[in-house]
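Engineer: Okay, here's the structure, questions in a sec.
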Amino acid sequence: MEKISLQELIDAITKATGISKKEADDLLHVFPEIIEEGLKKDGVVKVKGLGTFKLKRVAARAGRNMQTGERVTIPAHNKVTFTPEKDMAEHVNKDFKYLTYKELGEKEASKEKPEKKPPAPPVQKQEAPPPTPVKKEEKPTPKAPPPPPEKPKQPAKKGSFNPYWYIPIVLFIIAVLLVIFYLRACQDEEPPAFKPVPSEQPVLKQAEPAEDTAALKEEEVQEPVEEVVEEPVEEISKVQEPFNYTIERGEYLYQLGGKFYGDSLLWVLIYRENKEILDDPEEVATGKTLVIPALEGSAGNLTRNDSVRISDGYRILYEYYGALEDARTSRFYWGMIRYRP
Amino acid sequence: MNAREFNNALAEKLDITQDEAATLIETMTDIFRKSFGKEGSITFQNFGSFSTKKVEPRKGYSPILKKYVLFPPKRVLEFSPSEKLKDEVKSINLK
């Protein structure tokens, strides 16, 4: 922001009108005086081409003395407000004139922090297929069910917002679901195998599918599958020593976050460590060798040092996207705040 | 004080005709406009300063659309009164 001195203004005015410097100087001194007088007299001053100055009454309120912490009452008083004229406001805003709002999903909006989550589950899903569907249905029985019912559904919905990344993943999920559904149909539909098992889960699940069609049943089947997969991943997640890793075809950073740390949100760590190699965080060229930094704690239990580095990673990305004026900037701001130690 | 009254007050103070005052105001605001368009700020001693500020994109509820939306960034013109003006104005009785 560049400060413009009165001298520059005087020069500009003399140039534009042909009046003497003395007169221009007078003008610029008289101008605020008149506004001040008008405010004192009427409480409102309109200046053509600039805007409206107005006095506004502020009611008395309780406050605190900042130095002593003592309670004080701030008495009622007036304050000056300024509203630029429409023309002026539009001229100031000309750079951003063509931007419009962007709609958010209900969940994204209400949670205020969501957008980085969707990548997480897809990664795990891709690791899912090897074990046969039959095994998967047995496993959930003993293991902790509570978290999953929300997780799998969210990504399914959010995924559809951002077609770029999710189309292949969604297709993949559908394929897996179809196979599982088909196998289950062959085996004669006997849900009791897992229905009574988890305590709260089934209630949630049954409520929805009951009303809807077969399409939703697929979702029902999908959930137990992921429960199984998530558990082992968490155990693997600790990376004690930094090491080198060569990116395979089709792998993105957030997938690596899920693969090595058990939480794809931590991918920023990898980006932070390799930001000289990677220019654009979204396009990681296949075959590049990256350093995977160590995580002192685990995804669920970060140490202070981890938090600092993650928060810093989000800060870097916040600045990166901020410079591009990208709408996603706010996600990284969110990450910066969330991981701040 | 409306725009016309402002104009007349200026004419009186500078001892010029009202028409001349009108053109002066026009050129002056035009120069202001150009300066603010280039993100400049203008300070008047004992009165206050005009500056532009960038408002970051933010999430919010649009009552028109009845939806949660991400509002785009924008640049706005702000006026911040000087301490002297603030003080002088504090205890005026408004109608």
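Naming scheme: A, B, ... for chains in displayed order of the structure tokens; residues 1 onward per chain; ligands 1 onward as shown.
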Pick out the residues sitting within 12 Å of Glu26 in chain B, and hand them over as a ChimeraX atom specification; count only C-alpha atoms, and ignore anything fewer than 2 positions along from it in its own chain.

Structural biologist: /A:13,16-17,47-50 /B:3,7,19-24,28-33

Engineer: Distance limit 8 Å, atoms considered: only C-alpha atoms. Which chain B residues sit that close to chain A? Return them as a ChimeraX atom specification.

Structural biologist: /B:1-3,6,9-10,13-14,24-31,33,35-37,39-44,47,52,57-60,67-79,81,85-86,89-92,94

Engineer: From range 8-68 of chain B, collect each residue whose DSSP state is alpha helix (DSSP H) and return the set as a PyMOL selection string.

Structural biologist: chain B and resi 8-14+18-37

Engineer: Would you mind reading off the distance between CA of Arg315 in chain A and CA of Arg340 in chain A, one decimal, in Å?

Structural biologist: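 Atom-to-atom, CA of Arg315 in chain A to CA of Arg340 in chain A, that is 10.2 Å.
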